[in-house]
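This is entry32.pdb. It holds PDB, C-alpha atoms.
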ATOM      1  CA  MET A   1    -129.407  40.688 -77.592  1.00  0.00           C
ATOM      2  CA  THR A   2    -131.680  37.939 -78.890  1.00  0.00           C
ATOM      3  CA  THR A   3    -131.308  39.337 -82.389  1.00  0.00           C
ATOM      4  CA  HIS A   4    -127.538  38.917 -82.135  1.00  0.00           C
ATOM      5  CA  LEU A   5    -127.902  35.348 -80.893  1.00  0.00           C
ATOM      6  CA  ARG A   6    -130.353  34.473 -83.634  1.00  0.00           C
ATOM      7  CA  ARG A   7    -128.109  36.012 -86.281  1.00  0.00           C
ATOM      8  CA  GLY A   8    -125.093  34.165 -84.894  1.00  0.00           C
ATOM      9  CA  LEU A   9    -126.899  30.835 -84.907  1.00  0.00           C
ATOM     10  CA  GLU A  10    -128.079  31.406 -88.471  1.00  0.00           C
ATOM     11  CA  ARG A  11    -124.505  32.211 -89.555  1.00  0.00           C
ATOM     12  CA  LEU A  12    -123.271  29.040 -87.847  1.00  0.00           C
ATOM     13  CA  LYS A  13    -125.954  26.983 -89.594  1.00  0.00           C
ATOM     14  CA  GLN A  14    -125.043  28.494 -92.976  1.00  0.00           C
ATOM     15  CA  PHE A  15    -121.357  27.779 -92.299  1.00  0.00           C
ATOM     16  CA  TYR A  16    -122.098  24.085 -91.738  1.00  0.00           C
ATOM     17  CA  ILE A  17    -124.366  23.922 -94.788  1.00  0.00           C
ATOM     18  CA  ARG A  18    -121.713  25.532 -97.036  1.00  0.00           C
ATOM     19  CA  LYS A  19    -119.033  23.156 -95.793  1.00  0.00           C
ATOM     20  CA  LEU A  20    -121.257  20.093 -96.171  1.00  0.00           C
ATOM     21  CA  THR A  21    -122.481  20.978 -99.656  1.00  0.00           C
ATOM     22  CA  GLY A  22    -118.852  21.466-100.687  1.00  0.00           C
ATOM     23  CA  SER A  23    -117.917  18.015 -99.416  1.00  0.00           C
ATOM     24  CA  ASP A  24    -119.035  14.590-100.597  1.00  0.00           C
ATOM     25  CA  THR A  25    -122.230  14.367 -98.569  1.00  0.00           C
ATOM     26  CA  LEU A  26    -125.354  12.755 -99.933  1.00  0.00           C
ATOM     27  CA  TYR A  27    -127.587  15.591 -98.758  1.00  0.00           C
ATOM     28  CA  SER A  28    -128.948  18.442-100.827  1.00  0.00           C
ATOM     29  CA  SER A  29    -128.896  22.009 -99.588  1.00  0.00           C
ATOM     30  CA  ALA A  30    -132.659  21.872 -99.021  1.00  0.00           C
ATOM     31  CA  GLU A  31    -132.303  18.748 -96.874  1.00  0.00           C
ATOM     32  CA  LEU A  32    -129.520  20.334 -94.851  1.00  0.00           C
ATOM     33  CA  GLN A  33    -131.655  23.444 -94.236  1.00  0.00           C
ATOM     34  CA  SER A  34    -134.214  21.278 -92.424  1.00  0.00           C
ATOM     35  CA  LEU A  35    -131.647  19.919 -89.951  1.00  0.00           C
ATOM     36  CA  THR A  36    -130.828  21.429 -86.576  1.00  0.00           C
ATOM     37  CA  ILE A  37    -127.454  22.987 -85.838  1.00  0.00           C
ATOM     38  CA  SER A  38    -126.574  20.002 -83.648  1.00  0.00           C
ATOM     39  CA  GLU A  39    -127.358  17.578 -86.477  1.00  0.00           C
ATOM     40  CA  LEU A  40    -125.330  19.668 -88.926  1.00  0.00           C
ATOM     41  CA  GLU A  41    -122.408  19.761 -86.502  1.00  0.00           C
ATOM     42  CA  ILE A  42    -122.439  15.964 -86.191  1.00  0.00           C
ATOM     43  CA  LEU A  43    -122.494  15.523 -89.977  1.00  0.00           C
ATOM     44  CA  TYR A  44    -119.706  18.077 -90.353  1.00  0.00           C
ATOM     45  CA  LYS A  45    -117.497  16.364 -87.794  1.00  0.00           C
ATOM     46  CA  LYS A  46    -118.094  12.999 -89.468  1.00  0.00           C
ATOM     47  CA  SER A  47    -117.101  14.471 -92.846  1.00  0.00           C
ATOM     48  CA  ILE A  48    -113.698  15.625 -91.571  1.00  0.00           C
ATOM     49  CA  PRO A  49    -111.058  12.867 -91.640  1.00  0.00           C
ATOM     50  CA  SER A  50    -109.549  12.270 -88.232  1.00  0.00           C
ATOM     51  CA  ASN A  51    -105.807  12.491 -87.720  1.00  0.00           C
ATOM     52  CA  LYS A  52    -105.598   9.322 -85.598  1.00  0.00           C
TER
END

Take the structure I supplied and represent it as structure tokens, if you would.
Amino acid sequence: MTTHLRRGLERLKQFYIRKLTGSDTLYSSAELQSLTISELEILYKKSIPSNK
């Protein structure tokens, strides 16, 4: 079970990194790799324009 969780978290991290490298962020892929999933999620949410 822990292997599945680890694999899922790694896929989630790679998802955020792919999305952020495709957007106009100032971070390189290597810099994004060093961030936690929570930090990547925050950056990702900030990069999406809000519909307000």

Go through the shown structure with the PyMOL selection byres ((chain A and resi 36) around 12) and write out the matching residues as a compact mmCIF listing (two decimals) with C-alpha atoms, keeping the file's coordinate frame.
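Writing the result to out-v3.txt gives the following:
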# COMPACT_ATOMS: atom_id res chain seq x y z
CA LEU A 9 -126.90 30.84 -84.91
CA GLU A 10 -128.08 31.41 -88.47
CA LEU A 12 -123.27 29.04 -87.85
CA LYS A 13 -125.95 26.98 -89.59
CA GLN A 14 -125.04 28.49 -92.98
CA TYR A 16 -122.10 24.08 -91.74
CA ILE A 17 -124.37 23.92 -94.79
CA GLU A 31 -132.30 18.75 -96.87
CA LEU A 32 -129.52 20.33 -94.85
CA GLN A 33 -131.66 23.44 -94.24
CA SER A 34 -134.21 21.28 -92.42
CA LEU A 35 -131.65 19.92 -89.95
CA ILE A 37 -127.45 22.99 -85.84
CA SER A 38 -126.57 20.00 -83.65
CA GLU A 39 -127.36 17.58 -86.48
CA LEU A 40 -125.33 19.67 -88.93
CA GLU A 41 -122.41 19.76 -86.50
CA ILE A 42 -122.44 15.96 -86.19
CA LEU A 43 -122.49 15.52 -89.98

Students should find that atom CA of Tyr27 of chain A and atom CA of Ser47 of chain A are spaced 12.1 Å

Listed atoms of segment 40-45 of chain A boxed axis-aligned with 4 Å per side, centre + edges as AutoDock Vina command-line options:
--center_x -121.4 --center_y 17.6 --center_z -88.3 --size_x 15.8 --size_y 12.2 --size_z 12.2

Pairwise distance, atom CA of Gly22 of chain A with atom CA of Lys45 of chain A, equals 13.9 Å

(request) Could you check which of A:Ser23, A:Arg11, A:Arg18, A:Thr2 is closest to Pro49 of chain A, using only C-alpha atoms? (result)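 Of all the options, A:Ser23 lies closest to Pro49 of chain A.
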
Atom pair atom CA of Leu20 of chain A + atom CA of Met1 of chain A, distance 28.9 Å

Could segment 1-12 of chain A be completed with all heavy atoms and written as a PDB file, in the frame of the given file, please?
ATOM      1  N   MET A   1    -130.345  41.776 -77.788  1.00  0.00           N
ATOM      2  CA  MET A   1    -129.407  40.688 -77.592  1.00  0.00           C
ATOM      3  C   MET A   1    -129.894  39.427 -78.296  1.00  0.00           C
ATOM      4  O   MET A   1    -129.087  38.710 -78.876  1.00  0.00           O
ATOM      5  CB  MET A   1    -129.222  40.443 -76.096  1.00  0.00           C
ATOM      6  CG  MET A   1    -128.371  39.253 -75.809  1.00  0.00           C
ATOM      7  SD  MET A   1    -126.906  39.746 -74.960  1.00  0.00           S
ATOM      8  CE  MET A   1    -126.310  38.205 -74.410  1.00  0.00           C
ATOM      9  N   THR A   2    -131.189  39.155 -78.237  1.00  0.00           N
ATOM     10  CA  THR A   2    -131.680  37.939 -78.890  1.00  0.00           C
ATOM     11  C   THR A   2    -131.505  38.003 -80.392  1.00  0.00           C
ATOM     12  O   THR A   2    -131.305  36.970 -81.029  1.00  0.00           O
ATOM     13  CB  THR A   2    -133.162  37.683 -78.554  1.00  0.00           C
ATOM     14  OG1 THR A   2    -133.925  38.821 -78.956  1.00  0.00           O
ATOM     15  CG2 THR A   2    -133.364  37.427 -77.081  1.00  0.00           C
ATOM     16  N   THR A   3    -131.537  39.193 -80.952  1.00  0.00           N
ATOM     17  CA  THR A   3    -131.308  39.337 -82.389  1.00  0.00           C
ATOM     18  C   THR A   3    -129.884  38.924 -82.736  1.00  0.00           C
ATOM     19  O   THR A   3    -129.659  38.247 -83.742  1.00  0.00           O
ATOM     20  CB  THR A   3    -131.545  40.792 -82.835  1.00  0.00           C
ATOM     21  OG1 THR A   3    -132.847  41.185 -82.435  1.00  0.00           O
ATOM     22  CG2 THR A   3    -131.414  40.936 -84.325  1.00  0.00           C
ATOM     23  N   HIS A   4    -128.934  39.289 -81.901  1.00  0.00           N
ATOM     24  CA  HIS A   4    -127.538  38.917 -82.135  1.00  0.00           C
ATOM     25  C   HIS A   4    -127.358  37.406 -82.031  1.00  0.00           C
ATOM     26  O   HIS A   4    -126.638  36.805 -82.830  1.00  0.00           O
ATOM     27  CB  HIS A   4    -126.609  39.610 -81.141  1.00  0.00           C
ATOM     28  CG  HIS A   4    -126.569  41.094 -81.299  1.00  0.00           C
ATOM     29  ND1 HIS A   4    -126.066  41.716 -82.421  1.00  0.00           N
ATOM     30  CD2 HIS A   4    -126.991  42.085 -80.480  1.00  0.00           C
ATOM     31  CE1 HIS A   4    -126.163  43.028 -82.280  1.00  0.00           C
ATOM     32  NE2 HIS A   4    -126.731  43.271 -81.109  1.00  0.00           N
ATOM     33  N   LEU A   5    -127.991  36.805 -81.050  1.00  0.00           N
ATOM     34  CA  LEU A   5    -127.902  35.348 -80.893  1.00  0.00           C
ATOM     35  C   LEU A   5    -128.517  34.632 -82.080  1.00  0.00           C
ATOM     36  O   LEU A   5    -127.942  33.673 -82.610  1.00  0.00           O
ATOM     37  CB  LEU A   5    -128.594  34.903 -79.598  1.00  0.00           C
ATOM     38  CG  LEU A   5    -127.914  35.309 -78.303  1.00  0.00           C
ATOM     39  CD1 LEU A   5    -128.786  34.944 -77.110  1.00  0.00           C
ATOM     40  CD2 LEU A   5    -126.561  34.650 -78.185  1.00  0.00           C
ATOM     41  N   ARG A   6    -129.672  35.089 -82.497  1.00  0.00           N
ATOM     42  CA  ARG A   6    -130.353  34.473 -83.634  1.00  0.00           C
ATOM     43  C   ARG A   6    -129.515  34.604 -84.900  1.00  0.00           C
ATOM     44  O   ARG A   6    -129.370  33.652 -85.666  1.00  0.00           O
ATOM     45  CB  ARG A   6    -131.726  35.113 -83.836  1.00  0.00           C
ATOM     46  CG  ARG A   6    -132.578  34.403 -84.866  1.00  0.00           C
ATOM     47  CD  ARG A   6    -133.976  35.002 -84.980  1.00  0.00           C
ATOM     48  NE  ARG A   6    -134.675  34.901 -83.713  1.00  0.00           N
ATOM     49  CZ  ARG A   6    -135.231  35.940 -83.066  1.00  0.00           C
ATOM     50  NH1 ARG A   6    -135.190  37.148 -83.580  1.00  0.00           N
ATOM     51  NH2 ARG A   6    -135.847  35.774 -81.923  1.00  0.00           N
ATOM     52  N   ARG A   7    -128.950  35.778 -85.110  1.00  0.00           N
ATOM     53  CA  ARG A   7    -128.109  36.012 -86.281  1.00  0.00           C
ATOM     54  C   ARG A   7    -126.854  35.138 -86.230  1.00  0.00           C
ATOM     55  O   ARG A   7    -126.441  34.567 -87.240  1.00  0.00           O
ATOM     56  CB  ARG A   7    -127.715  37.477 -86.370  1.00  0.00           C
ATOM     57  CG  ARG A   7    -127.089  37.833 -87.694  1.00  0.00           C
ATOM     58  CD  ARG A   7    -126.781  39.303 -87.847  1.00  0.00           C
ATOM     59  NE  ARG A   7    -127.732  40.167 -87.181  1.00  0.00           N
ATOM     60  CZ  ARG A   7    -127.424  41.309 -86.586  1.00  0.00           C
ATOM     61  NH1 ARG A   7    -126.184  41.729 -86.574  1.00  0.00           N
ATOM     62  NH2 ARG A   7    -128.346  42.043 -85.997  1.00  0.00           N
ATOM     63  N   GLY A   8    -126.273  35.003 -85.053  1.00  0.00           N
ATOM     64  CA  GLY A   8    -125.093  34.165 -84.894  1.00  0.00           C
ATOM     65  C   GLY A   8    -125.388  32.701 -85.157  1.00  0.00           C
ATOM     66  O   GLY A   8    -124.605  32.002 -85.806  1.00  0.00           O
ATOM     67  N   LEU A   9    -126.517  32.228 -84.666  1.00  0.00           N
ATOM     68  CA  LEU A   9    -126.899  30.835 -84.907  1.00  0.00           C
ATOM     69  C   LEU A   9    -127.188  30.588 -86.386  1.00  0.00           C
ATOM     70  O   LEU A   9    -126.833  29.541 -86.921  1.00  0.00           O
ATOM     71  CB  LEU A   9    -128.118  30.464 -84.055  1.00  0.00           C
ATOM     72  CG  LEU A   9    -127.842  30.316 -82.562  1.00  0.00           C
ATOM     73  CD1 LEU A   9    -129.147  30.137 -81.799  1.00  0.00           C
ATOM     74  CD2 LEU A   9    -126.908  29.154 -82.310  1.00  0.00           C
ATOM     75  N   GLU A  10    -127.806  31.550 -87.036  1.00  0.00           N
ATOM     76  CA  GLU A  10    -128.079  31.406 -88.471  1.00  0.00           C
ATOM     77  C   GLU A  10    -126.776  31.383 -89.267  1.00  0.00           C
ATOM     78  O   GLU A  10    -126.643  30.612 -90.211  1.00  0.00           O
ATOM     79  CB  GLU A  10    -128.991  32.533 -88.960  1.00  0.00           C
ATOM     80  CG  GLU A  10    -129.429  32.387 -90.390  1.00  0.00           C
ATOM     81  CD  GLU A  10    -130.182  31.097 -90.674  1.00  0.00           C
ATOM     82  OE1 GLU A  10    -130.925  30.611 -89.800  1.00  0.00           O
ATOM     83  OE2 GLU A  10    -130.023  30.559 -91.785  1.00  0.00           O
ATOM     84  N   ARG A  11    -125.809  32.212 -88.874  1.00  0.00           N
ATOM     85  CA  ARG A  11    -124.505  32.211 -89.555  1.00  0.00           C
ATOM     86  C   ARG A  11    -123.787  30.878 -89.342  1.00  0.00           C
ATOM     87  O   ARG A  11    -123.158  30.352 -90.256  1.00  0.00           O
ATOM     88  CB  ARG A  11    -123.637  33.355 -89.044  1.00  0.00           C
ATOM     89  CG  ARG A  11    -124.126  34.705 -89.534  1.00  0.00           C
ATOM     90  CD  ARG A  11    -123.230  35.808 -89.089  1.00  0.00           C
ATOM     91  NE  ARG A  11    -121.955  35.701 -89.813  1.00  0.00           N
ATOM     92  CZ  ARG A  11    -120.888  36.407 -89.523  1.00  0.00           C
ATOM     93  NH1 ARG A  11    -120.908  37.254 -88.522  1.00  0.00           N
ATOM     94  NH2 ARG A  11    -119.789  36.264 -90.219  1.00  0.00           N
ATOM     95  N   LEU A  12    -123.886  30.335 -88.133  1.00  0.00           N
ATOM     96  CA  LEU A  12    -123.271  29.040 -87.847  1.00  0.00           C
ATOM     97  C   LEU A  12    -123.917  27.944 -88.689  1.00  0.00           C
ATOM     98  O   LEU A  12    -123.228  27.097 -89.266  1.00  0.00           O
ATOM     99  CB  LEU A  12    -123.398  28.714 -86.361  1.00  0.00           C
ATOM    100  CG  LEU A  12    -122.784  27.403 -85.878  1.00  0.00           C
ATOM    101  CD1 LEU A  12    -121.281  27.385 -86.142  1.00  0.00           C
ATOM    102  CD2 LEU A  12    -123.077  27.208 -84.400  1.00  0.00           C
TER     103      LEU A  12
END
